[in-house]
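Structure file structure_33.cif with mmCIF, N, CA and C atoms:
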data_entry
#
loop_
_atom_site.label_atom_id
_atom_site.label_comp_id
_atom_site.auth_asym_id
_atom_site.auth_seq_id
_atom_site.Cartn_x
_atom_site.Cartn_y
_atom_site.Cartn_z
N MET A 233 -74.80 -95.91 56.80
CA MET A 233 -73.85 -94.98 56.23
C MET A 233 -74.41 -94.43 54.93
N ALA A 234 -74.31 -93.15 54.77
CA ALA A 234 -74.74 -92.50 53.54
C ALA A 234 -73.70 -92.71 52.45
N LEU A 235 -74.11 -92.60 51.23
CA LEU A 235 -73.20 -92.68 50.09
C LEU A 235 -72.23 -91.51 50.15
N LYS A 236 -70.94 -91.79 49.89
CA LYS A 236 -69.91 -90.76 49.96
C LYS A 236 -69.06 -90.78 48.69
N ILE A 237 -68.63 -89.61 48.28
CA ILE A 237 -67.67 -89.48 47.18
C ILE A 237 -66.51 -88.64 47.70
N ALA A 238 -65.28 -89.15 47.51
CA ALA A 238 -64.10 -88.43 47.97
C ALA A 238 -63.05 -88.41 46.87
N PRO A 239 -62.30 -87.31 46.75
CA PRO A 239 -61.19 -87.28 45.79
C PRO A 239 -60.09 -88.25 46.23
N TYR A 240 -59.49 -88.90 45.26
CA TYR A 240 -58.41 -89.86 45.50
C TYR A 240 -57.21 -89.43 44.67
N LEU A 241 -56.11 -89.06 45.33
CA LEU A 241 -54.93 -88.56 44.63
C LEU A 241 -53.94 -89.70 44.40
N MET A 242 -53.62 -89.95 43.15
CA MET A 242 -52.65 -90.98 42.77
C MET A 242 -51.31 -90.30 42.54
N MET A 243 -50.34 -90.63 43.37
CA MET A 243 -49.06 -89.94 43.38
C MET A 243 -47.96 -90.82 42.77
N ASN A 244 -46.93 -90.18 42.25
CA ASN A 244 -45.80 -90.88 41.62
C ASN A 244 -44.63 -91.03 42.60
N GLY A 245 -44.93 -91.65 43.76
CA GLY A 245 -43.88 -91.92 44.73
C GLY A 245 -43.70 -90.86 45.79
N ASN A 246 -44.54 -89.82 45.78
CA ASN A 246 -44.39 -88.75 46.76
C ASN A 246 -45.64 -88.53 47.60
N ALA A 247 -46.42 -89.58 47.81
CA ALA A 247 -47.64 -89.46 48.61
C ALA A 247 -47.31 -89.05 50.05
N GLU A 248 -46.29 -89.65 50.63
CA GLU A 248 -45.92 -89.32 52.01
C GLU A 248 -45.58 -87.83 52.14
N GLU A 249 -44.82 -87.32 51.18
CA GLU A 249 -44.46 -85.89 51.18
C GLU A 249 -45.71 -85.02 51.06
N ALA A 250 -46.64 -85.42 50.18
CA ALA A 250 -47.87 -84.65 49.98
C ALA A 250 -48.72 -84.66 51.25
N ILE A 251 -48.82 -85.81 51.90
CA ILE A 251 -49.60 -85.90 53.14
C ILE A 251 -49.02 -84.97 54.19
N GLN A 252 -47.71 -85.00 54.36
CA GLN A 252 -47.07 -84.12 55.34
C GLN A 252 -47.30 -82.64 54.99
N PHE A 253 -47.25 -82.32 53.71
CA PHE A 253 -47.50 -80.95 53.27
C PHE A 253 -48.92 -80.51 53.63
N TYR A 254 -49.92 -81.35 53.34
CA TYR A 254 -51.30 -80.99 53.61
C TYR A 254 -51.60 -80.96 55.12
N GLU A 255 -50.90 -81.80 55.88
CA GLU A 255 -51.02 -81.71 57.34
C GLU A 255 -50.61 -80.32 57.81
N LYS A 256 -49.52 -79.83 57.25
CA LYS A 256 -48.96 -78.54 57.66
C LYS A 256 -49.80 -77.36 57.18
N VAL A 257 -50.15 -77.34 55.89
CA VAL A 257 -50.78 -76.15 55.33
C VAL A 257 -52.31 -76.15 55.40
N LEU A 258 -52.93 -77.33 55.53
CA LEU A 258 -54.40 -77.40 55.57
C LEU A 258 -54.93 -77.98 56.88
N ASP A 259 -54.05 -78.15 57.87
CA ASP A 259 -54.44 -78.76 59.15
C ASP A 259 -55.09 -80.13 58.96
N ALA A 260 -54.62 -80.88 57.96
CA ALA A 260 -55.15 -82.22 57.70
C ALA A 260 -54.76 -83.15 58.85
N GLN A 261 -55.63 -84.09 59.14
CA GLN A 261 -55.39 -85.10 60.16
C GLN A 261 -55.36 -86.47 59.49
N VAL A 262 -54.28 -87.22 59.67
CA VAL A 262 -54.19 -88.56 59.08
C VAL A 262 -55.13 -89.49 59.84
N VAL A 263 -56.06 -90.10 59.11
CA VAL A 263 -57.01 -91.04 59.68
C VAL A 263 -56.48 -92.46 59.54
N PHE A 264 -55.84 -92.74 58.39
CA PHE A 264 -55.32 -94.08 58.10
C PHE A 264 -54.20 -93.94 57.10
N LYS A 265 -53.16 -94.76 57.28
CA LYS A 265 -52.07 -94.79 56.30
C LYS A 265 -51.42 -96.16 56.35
N GLN A 266 -51.23 -96.77 55.18
CA GLN A 266 -50.63 -98.09 55.07
C GLN A 266 -49.68 -98.12 53.88
N SER A 267 -48.53 -98.74 54.05
CA SER A 267 -47.58 -98.89 52.94
C SER A 267 -47.87 -100.20 52.21
N PHE A 268 -47.32 -100.32 51.01
CA PHE A 268 -47.45 -101.59 50.28
C PHE A 268 -46.81 -102.72 51.08
N GLY A 269 -45.73 -102.41 51.82
CA GLY A 269 -45.05 -103.42 52.63
C GLY A 269 -45.87 -103.91 53.80
N GLU A 270 -46.87 -103.14 54.24
CA GLU A 270 -47.74 -103.53 55.35
C GLU A 270 -48.96 -104.33 54.90
N MET A 271 -49.16 -104.45 53.59
CA MET A 271 -50.29 -105.21 53.06
C MET A 271 -49.99 -106.70 53.15
N PRO A 272 -51.03 -107.54 53.14
CA PRO A 272 -50.79 -108.98 53.12
C PRO A 272 -50.01 -109.36 51.85
N GLU A 273 -49.03 -110.24 52.02
CA GLU A 273 -48.22 -110.67 50.87
C GLU A 273 -48.98 -111.65 50.01
N SER A 274 -48.72 -111.58 48.72
CA SER A 274 -49.29 -112.53 47.76
C SER A 274 -48.16 -113.42 47.26
N PRO A 275 -48.27 -114.73 47.46
CA PRO A 275 -47.22 -115.62 46.98
C PRO A 275 -47.08 -115.62 45.46
N ASN A 276 -48.13 -115.22 44.76
CA ASN A 276 -48.12 -115.19 43.29
C ASN A 276 -47.52 -113.91 42.74
N ALA A 277 -47.39 -112.88 43.59
CA ALA A 277 -46.86 -111.60 43.13
C ALA A 277 -45.97 -111.01 44.22
N PRO A 278 -44.70 -111.40 44.25
CA PRO A 278 -43.82 -110.84 45.28
C PRO A 278 -43.69 -109.33 45.14
N LEU A 279 -43.58 -108.66 46.26
CA LEU A 279 -43.51 -107.22 46.30
C LEU A 279 -42.10 -106.74 46.00
N PRO A 280 -41.93 -105.88 44.99
CA PRO A 280 -40.59 -105.34 44.72
C PRO A 280 -40.10 -104.51 45.91
N GLU A 281 -38.82 -104.57 46.16
CA GLU A 281 -38.22 -103.85 47.29
C GLU A 281 -38.56 -102.35 47.25
N GLU A 282 -38.54 -101.75 46.05
CA GLU A 282 -38.77 -100.32 45.93
C GLU A 282 -40.22 -99.92 46.23
N ALA A 283 -41.13 -100.90 46.35
CA ALA A 283 -42.53 -100.59 46.65
C ALA A 283 -42.85 -100.63 48.13
N LYS A 284 -42.02 -101.27 48.92
CA LYS A 284 -42.36 -101.54 50.32
C LYS A 284 -42.69 -100.30 51.15
N ASN A 285 -42.01 -99.19 50.93
CA ASN A 285 -42.25 -98.00 51.73
C ASN A 285 -43.20 -97.01 51.07
N LEU A 286 -43.67 -97.32 49.88
CA LEU A 286 -44.63 -96.44 49.22
C LEU A 286 -46.00 -96.57 49.87
N VAL A 287 -46.79 -95.51 49.82
CA VAL A 287 -48.13 -95.50 50.42
C VAL A 287 -49.09 -96.28 49.51
N SER A 288 -49.69 -97.34 50.06
CA SER A 288 -50.69 -98.09 49.29
C SER A 288 -52.07 -97.45 49.44
N HIS A 289 -52.34 -96.91 50.63
CA HIS A 289 -53.61 -96.21 50.85
C HIS A 289 -53.49 -95.34 52.09
N ALA A 290 -54.00 -94.14 51.98
CA ALA A 290 -54.06 -93.23 53.13
C ALA A 290 -55.32 -92.38 53.01
N MET A 291 -55.84 -92.02 54.17
CA MET A 291 -56.97 -91.09 54.20
C MET A 291 -56.65 -90.01 55.21
N VAL A 292 -56.87 -88.77 54.79
CA VAL A 292 -56.72 -87.65 55.70
C VAL A 292 -58.05 -86.90 55.76
N LYS A 293 -58.26 -86.24 56.85
CA LYS A 293 -59.47 -85.45 57.06
C LYS A 293 -59.05 -83.99 57.06
N ILE A 294 -59.70 -83.20 56.23
CA ILE A 294 -59.49 -81.77 56.18
C ILE A 294 -60.84 -81.14 56.50
N GLY A 295 -60.98 -80.65 57.71
CA GLY A 295 -62.29 -80.18 58.15
C GLY A 295 -63.25 -81.36 58.17
N GLU A 296 -64.34 -81.24 57.44
CA GLU A 296 -65.34 -82.32 57.36
C GLU A 296 -65.14 -83.21 56.12
N SER A 297 -64.10 -82.94 55.33
CA SER A 297 -63.90 -83.65 54.07
C SER A 297 -62.80 -84.68 54.16
N ASP A 298 -62.96 -85.76 53.40
CA ASP A 298 -61.95 -86.80 53.29
C ASP A 298 -61.16 -86.61 52.01
N LEU A 299 -59.86 -86.87 52.09
CA LEU A 299 -58.98 -86.86 50.93
C LEU A 299 -58.14 -88.12 51.01
N MET A 300 -58.14 -88.91 49.93
CA MET A 300 -57.42 -90.18 49.93
C MET A 300 -56.19 -90.10 49.03
N PHE A 301 -55.20 -90.93 49.35
CA PHE A 301 -53.92 -90.95 48.63
C PHE A 301 -53.47 -92.37 48.37
N SER A 302 -52.69 -92.53 47.33
CA SER A 302 -51.93 -93.74 47.08
C SER A 302 -50.77 -93.39 46.16
N ASP A 303 -49.65 -94.05 46.39
CA ASP A 303 -48.58 -93.99 45.40
C ASP A 303 -48.89 -95.00 44.32
N ASN A 304 -48.51 -94.70 43.09
CA ASN A 304 -48.61 -95.69 42.02
C ASN A 304 -47.61 -96.80 42.31
N PHE A 305 -47.97 -97.99 41.91
CA PHE A 305 -47.08 -99.14 42.05
C PHE A 305 -45.90 -98.95 41.09
N PRO A 306 -44.70 -99.38 41.47
CA PRO A 306 -43.55 -99.23 40.55
C PRO A 306 -43.87 -99.76 39.15
N GLY A 307 -43.53 -98.96 38.16
CA GLY A 307 -43.82 -99.31 36.77
C GLY A 307 -45.07 -98.62 36.25
N GLN A 308 -45.88 -98.07 37.15
CA GLN A 308 -47.08 -97.33 36.76
C GLN A 308 -46.84 -95.87 37.09
N SER A 309 -47.54 -94.99 36.42
CA SER A 309 -47.43 -93.57 36.75
C SER A 309 -48.72 -92.86 36.37
N SER A 310 -48.90 -91.72 36.96
CA SER A 310 -50.04 -90.86 36.63
C SER A 310 -49.51 -89.65 35.89
N GLN A 311 -50.29 -89.18 34.96
CA GLN A 311 -49.95 -87.97 34.22
C GLN A 311 -50.76 -86.81 34.81
N THR A 312 -50.27 -85.62 34.63
CA THR A 312 -51.03 -84.46 35.08
C THR A 312 -52.41 -84.53 34.45
N GLY A 313 -53.42 -84.44 35.28
CA GLY A 313 -54.80 -84.52 34.79
C GLY A 313 -55.48 -85.83 35.10
N ASP A 314 -54.71 -86.91 35.29
CA ASP A 314 -55.38 -88.18 35.61
C ASP A 314 -54.99 -88.73 36.98
N GLN A 315 -54.29 -87.92 37.77
CA GLN A 315 -53.88 -88.43 39.07
C GLN A 315 -54.97 -88.26 40.13
N ILE A 316 -56.04 -87.58 39.81
CA ILE A 316 -57.15 -87.45 40.75
C ILE A 316 -58.33 -88.27 40.23
N THR A 317 -58.77 -89.20 41.05
CA THR A 317 -59.95 -90.00 40.74
C THR A 317 -61.00 -89.70 41.80
N LEU A 318 -62.22 -90.15 41.58
CA LEU A 318 -63.27 -90.02 42.57
C LEU A 318 -63.57 -91.40 43.14
N CYS A 319 -63.55 -91.50 44.45
CA CYS A 319 -63.84 -92.77 45.11
C CYS A 319 -65.27 -92.74 45.64
N ILE A 320 -66.10 -93.62 45.12
CA ILE A 320 -67.47 -93.75 45.59
C ILE A 320 -67.51 -94.89 46.60
N THR A 321 -67.94 -94.59 47.82
CA THR A 321 -68.03 -95.60 48.87
C THR A 321 -69.49 -95.91 49.13
N SER A 322 -69.81 -97.19 49.05
CA SER A 322 -71.16 -97.67 49.32
C SER A 322 -71.05 -98.81 50.32
N GLU A 323 -72.08 -99.00 51.13
CA GLU A 323 -72.05 -100.14 52.05
C GLU A 323 -72.82 -101.34 51.47
N ASN A 324 -73.27 -101.23 50.24
CA ASN A 324 -74.08 -102.26 49.63
C ASN A 324 -73.43 -102.74 48.33
N LYS A 325 -73.11 -104.03 48.27
CA LYS A 325 -72.44 -104.61 47.10
C LYS A 325 -73.29 -104.47 45.83
N ASP A 326 -74.61 -104.64 45.97
CA ASP A 326 -75.50 -104.50 44.80
C ASP A 326 -75.47 -103.07 44.26
N LYS A 327 -75.44 -102.10 45.16
CA LYS A 327 -75.39 -100.69 44.74
C LYS A 327 -74.05 -100.41 44.06
N SER A 328 -72.96 -100.95 44.63
CA SER A 328 -71.64 -100.78 44.01
C SER A 328 -71.62 -101.37 42.62
N THR A 329 -72.21 -102.55 42.46
CA THR A 329 -72.28 -103.20 41.15
C THR A 329 -73.08 -102.35 40.16
N GLN A 330 -74.20 -101.79 40.63
CA GLN A 330 -75.03 -100.92 39.79
C GLN A 330 -74.23 -99.71 39.31
N PHE A 331 -73.53 -99.05 40.23
CA PHE A 331 -72.71 -97.89 39.87
C PHE A 331 -71.63 -98.28 38.87
N PHE A 332 -70.92 -99.38 39.16
CA PHE A 332 -69.81 -99.81 38.32
C PHE A 332 -70.29 -100.11 36.89
N ASN A 333 -71.39 -100.86 36.79
CA ASN A 333 -71.90 -101.23 35.47
C ASN A 333 -72.37 -100.00 34.69
N ALA A 334 -73.02 -99.07 35.37
CA ALA A 334 -73.51 -97.87 34.69
C ALA A 334 -72.34 -97.00 34.22
N LEU A 335 -71.33 -96.84 35.05
CA LEU A 335 -70.16 -96.04 34.66
C LEU A 335 -69.34 -96.71 33.56
N SER A 336 -69.40 -98.04 33.50
CA SER A 336 -68.66 -98.80 32.47
C SER A 336 -69.27 -98.64 31.08
N ASP A 337 -70.56 -98.35 31.01
CA ASP A 337 -71.25 -98.23 29.72
C ASP A 337 -70.64 -97.08 28.92
N GLY A 338 -69.94 -97.42 27.85
CA GLY A 338 -69.28 -96.42 27.03
C GLY A 338 -67.93 -96.00 27.58
N GLY A 339 -67.54 -96.59 28.70
CA GLY A 339 -66.27 -96.25 29.33
C GLY A 339 -65.25 -97.38 29.22
N GLN A 340 -64.29 -97.38 30.10
CA GLN A 340 -63.22 -98.38 30.07
C GLN A 340 -62.97 -98.91 31.48
N VAL A 341 -63.07 -100.22 31.64
CA VAL A 341 -62.79 -100.86 32.93
C VAL A 341 -61.28 -100.94 33.10
N LYS A 342 -60.78 -100.38 34.19
CA LYS A 342 -59.35 -100.44 34.50
C LYS A 342 -59.04 -101.59 35.44
N MET A 343 -59.97 -101.90 36.33
CA MET A 343 -59.88 -103.05 37.23
C MET A 343 -61.30 -103.56 37.44
N PRO A 344 -61.58 -104.80 37.05
CA PRO A 344 -62.94 -105.32 37.20
C PRO A 344 -63.40 -105.26 38.66
N LEU A 345 -64.70 -105.08 38.85
CA LEU A 345 -65.27 -105.09 40.19
C LEU A 345 -65.09 -106.50 40.76
N GLN A 346 -64.42 -106.58 41.91
CA GLN A 346 -64.10 -107.89 42.47
C GLN A 346 -63.89 -107.80 43.97
N GLU A 347 -63.93 -108.95 44.61
CA GLU A 347 -63.63 -109.02 46.04
C GLU A 347 -62.12 -108.87 46.22
N THR A 348 -61.74 -108.07 47.21
CA THR A 348 -60.33 -107.89 47.55
C THR A 348 -60.19 -108.12 49.06
N PHE A 349 -58.97 -108.09 49.55
CA PHE A 349 -58.79 -108.28 50.99
C PHE A 349 -59.36 -107.12 51.79
N PHE A 350 -59.60 -105.96 51.14
CA PHE A 350 -60.09 -104.79 51.85
C PHE A 350 -61.54 -104.42 51.53
N SER A 351 -62.16 -105.13 50.59
CA SER A 351 -63.52 -104.79 50.20
C SER A 351 -64.22 -105.98 49.54
N PRO A 352 -65.51 -106.18 49.82
CA PRO A 352 -66.24 -107.25 49.15
C PRO A 352 -66.50 -106.96 47.67
N ALA A 353 -66.37 -105.70 47.26
CA ALA A 353 -66.55 -105.34 45.84
C ALA A 353 -65.81 -104.03 45.59
N TYR A 354 -64.69 -104.13 44.85
CA TYR A 354 -63.88 -102.95 44.53
C TYR A 354 -63.48 -103.04 43.07
N GLY A 355 -63.55 -101.90 42.39
CA GLY A 355 -63.13 -101.85 41.00
C GLY A 355 -62.84 -100.42 40.58
N ILE A 356 -62.19 -100.29 39.43
CA ILE A 356 -61.83 -98.97 38.89
C ILE A 356 -62.33 -98.89 37.45
N VAL A 357 -63.00 -97.80 37.14
CA VAL A 357 -63.55 -97.62 35.80
C VAL A 357 -63.43 -96.15 35.40
N THR A 358 -63.09 -95.92 34.13
CA THR A 358 -63.10 -94.58 33.56
C THR A 358 -64.37 -94.46 32.73
N ASP A 359 -65.20 -93.46 33.03
CA ASP A 359 -66.47 -93.32 32.33
C ASP A 359 -66.27 -92.73 30.94
N LYS A 360 -67.35 -92.59 30.20
CA LYS A 360 -67.28 -92.11 28.82
C LYS A 360 -66.82 -90.66 28.71
N PHE A 361 -66.75 -89.95 29.84
CA PHE A 361 -66.28 -88.57 29.84
C PHE A 361 -64.81 -88.46 30.24
N GLY A 362 -64.17 -89.62 30.51
CA GLY A 362 -62.76 -89.62 30.88
C GLY A 362 -62.51 -89.44 32.37
N ILE A 363 -63.56 -89.52 33.19
CA ILE A 363 -63.43 -89.40 34.65
C ILE A 363 -63.26 -90.80 35.23
N THR A 364 -62.23 -90.98 36.05
CA THR A 364 -61.97 -92.29 36.64
C THR A 364 -62.57 -92.36 38.04
N PHE A 365 -63.31 -93.44 38.26
CA PHE A 365 -63.97 -93.70 39.53
C PHE A 365 -63.42 -94.98 40.15
N GLN A 366 -63.19 -94.95 41.44
CA GLN A 366 -62.93 -96.15 42.22
C GLN A 366 -64.23 -96.45 42.96
N ILE A 367 -64.72 -97.67 42.77
CA ILE A 367 -65.94 -98.09 43.47
C ILE A 367 -65.50 -98.97 44.63
N PHE A 368 -65.82 -98.53 45.85
CA PHE A 368 -65.40 -99.22 47.06
C PHE A 368 -66.62 -99.59 47.88
N THR A 369 -66.73 -100.86 48.24
CA THR A 369 -67.83 -101.31 49.09
C THR A 369 -67.30 -101.48 50.50
N ASP A 370 -67.91 -100.76 51.43
CA ASP A 370 -67.48 -100.78 52.82
C ASP A 370 -68.50 -101.54 53.65
N GLY A 371 -68.66 -102.80 53.34
CA GLY A 371 -69.63 -103.62 54.05
C GLY A 371 -69.57 -105.04 53.55
N LYS A 372 -70.42 -105.88 54.06
CA LYS A 372 -70.41 -107.31 53.72
C LYS A 372 -71.53 -107.70 52.77
N MET A 373 -72.45 -106.77 52.51
CA MET A 373 -73.63 -107.12 51.70
C MET A 373 -73.34 -107.06 50.22
#
Written as structure tokens, how would this file's structure read?
Amino acid sequence: MALKIAPYLMMNGNAEEAIQFYEKVLDAQVVFKQSFGEMPESPNAPLPEEAKNLVSHAMVKIGESDLMFSDNFPGQSSQTGDQITLCITSENKDKSTQFFNALSDGGQVKMPLQETFFSPAYGIVTDKFGITFQIFTDGKM
């Protein structure tokens, strides 16, 4: 798999509405969609009732391009200008670590690069220019 960068839209509770809108006006095709309620439960962090139907992650295809979505978790919000991040997908954990560390230099780590249930190495960092990147590893290496 080649290295990919896709826009990631962080929504304030209206991701489902936005996805339906883009399906209609841009002929977008939903590739994947999952709510917070469909994610594995964590006994250490019970899921608030108001989060269960919110979109935790979705990907739509518009032509040859990918566009990703998520609703913010209750209590968090995005401001105009920071709701779009860039998601870098790599199949190599070492490459993801290299990207994350380089982008962190002079920037701010929002979520440390770590293993999650959906990725062997995932993290969020805002670089020194104020651009937020999600680093996602799509592989086991």
*Residues at most 7 Å from A:Leu299, counting only C-alpha atoms, excluding those fewer than 4 positions away in the same chain, as a PyMOL selection string?*
chain A and resi 238-240+291-293
*Enumerate, as a PyMOL selection string, the residues matched when the PyMOL selection byres (((chain A and resi 331 and name CA) around 12) and name CA) is run on the file above.*
chain A and resi 235+319-322+324-330+332-337+345+353-359+365-369
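On the backbone of this structure, DSSP gives alpha helix (DSSP H) within stretch 273-346 of chain A to Lys325, Asp326, Lys327, Ser328, Thr329, Gln330, Phe331, Phe332, Asn333, Ala334, Leu335 and Ser336 of chain A.
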Using only N, CA and C atoms, what does the table of stretch 282-326 of chain A residues within 6.5 Å of stretch 253-266 of chain A look like, with each row giving the shortest atom pair and its distance in Å to one decimal, sorted by chain and ascending number, as a tab-separated table?
residue	atom	partner	partner_atom	distance
A:Leu286	C	A:Gln266	C	5.7
A:Val287	CA	A:Gln266	C	4.6
A:Ser288	N	A:Gln266	C	3.9
A:His289	C	A:Gln266	N	4.1
A:Ala290	CA	A:Phe264	C	4.0
A:Met291	N	A:Phe264	C	3.9
A:Val292	CA	A:Gln261	C	4.2
A:Lys293	N	A:Gln261	C	3.9
A:Ile294	CA	A:Ala260	CA	4.6
A:Gly295	N	A:Ala260	CA	6.0
Once you have the residues from the selection above, write them out as a PDB file, in the frame of the given file, restricted to N, CA and C atoms.
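Output saved as out-v6.pdb:
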ATOM      1  N   LEU A 286     -43.670 -97.320  49.880  1.00  0.00           N
ATOM      2  CA  LEU A 286     -44.630 -96.440  49.220  1.00  0.00           C
ATOM      3  C   LEU A 286     -46.000 -96.570  49.870  1.00  0.00           C
ATOM      4  N   VAL A 287     -46.790 -95.510  49.820  1.00  0.00           N
ATOM      5  CA  VAL A 287     -48.130 -95.500  50.420  1.00  0.00           C
ATOM      6  C   VAL A 287     -49.090 -96.280  49.510  1.00  0.00           C
ATOM      7  N   SER A 288     -49.690 -97.340  50.060  1.00  0.00           N
ATOM      8  CA  SER A 288     -50.690 -98.090  49.290  1.00  0.00           C
ATOM      9  C   SER A 288     -52.070 -97.450  49.440  1.00  0.00           C
ATOM     10  N   HIS A 289     -52.340 -96.910  50.630  1.00  0.00           N
ATOM     11  CA  HIS A 289     -53.610 -96.210  50.850  1.00  0.00           C
ATOM     12  C   HIS A 289     -53.490 -95.340  52.090  1.00  0.00           C
ATOM     13  N   ALA A 290     -54.000 -94.140  51.980  1.00  0.00           N
ATOM     14  CA  ALA A 290     -54.060 -93.230  53.130  1.00  0.00           C
ATOM     15  C   ALA A 290     -55.320 -92.380  53.010  1.00  0.00           C
ATOM     16  N   MET A 291     -55.840 -92.020  54.170  1.00  0.00           N
ATOM     17  CA  MET A 291     -56.970 -91.090  54.200  1.00  0.00           C
ATOM     18  C   MET A 291     -56.650 -90.010  55.210  1.00  0.00           C
ATOM     19  N   VAL A 292     -56.870 -88.770  54.790  1.00  0.00           N
ATOM     20  CA  VAL A 292     -56.720 -87.650  55.700  1.00  0.00           C
ATOM     21  C   VAL A 292     -58.050 -86.900  55.760  1.00  0.00           C
ATOM     22  N   LYS A 293     -58.260 -86.240  56.850  1.00  0.00           N
ATOM     23  CA  LYS A 293     -59.470 -85.450  57.060  1.00  0.00           C
ATOM     24  C   LYS A 293     -59.050 -83.990  57.060  1.00  0.00           C
ATOM     25  N   ILE A 294     -59.700 -83.200  56.230  1.00  0.00           N
ATOM     26  CA  ILE A 294     -59.490 -81.770  56.180  1.00  0.00           C
ATOM     27  C   ILE A 294     -60.840 -81.140  56.500  1.00  0.00           C
ATOM     28  N   GLY A 295     -60.980 -80.650  57.710  1.00  0.00           N
ATOM     29  CA  GLY A 295     -62.290 -80.180  58.150  1.00  0.00           C
ATOM     30  C   GLY A 295     -63.250 -81.360  58.170  1.00  0.00           C
TER      31      GLY A 295
END
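A straight line drawn from atom C of A:Met300 to atom C of A:Ser351 is 17.8 Å long.
Atom CA of A:Asn244 lies 13.9 Å from atom CA of A:Phe268.
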_All residues 7 Å or closer to A:Leu241, all atoms listed in the file, same chain fewer than 2 positions away omitted, as a PyMOL selection string_ = chain A and resi 239+243+299-303+315-317
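With distances taken over only N, CA and C atoms, A:Asn285 is the one residue among A:Asn285, A:Pro280, A:Asp314, A:Gly269 lying closest to A:Glu248.
With atom N of A:Ala247 on one side and atom N of A:Leu279 on the other, the separation reads 19.4 Å.
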*Choose the residue, out of A:Phe305, A:Ile363, A:Glu323, A:Asp298, that has the smallest atom-to-atom separation from A:Ala283; count only N, CA and C atoms.*
A:Phe305
*Which residue gives the smallest distance to A:Ser310 among A:Ile251, A:Ile237, A:Met242, A:Ala277, with only N, CA and C atoms counted?*
A:Met242
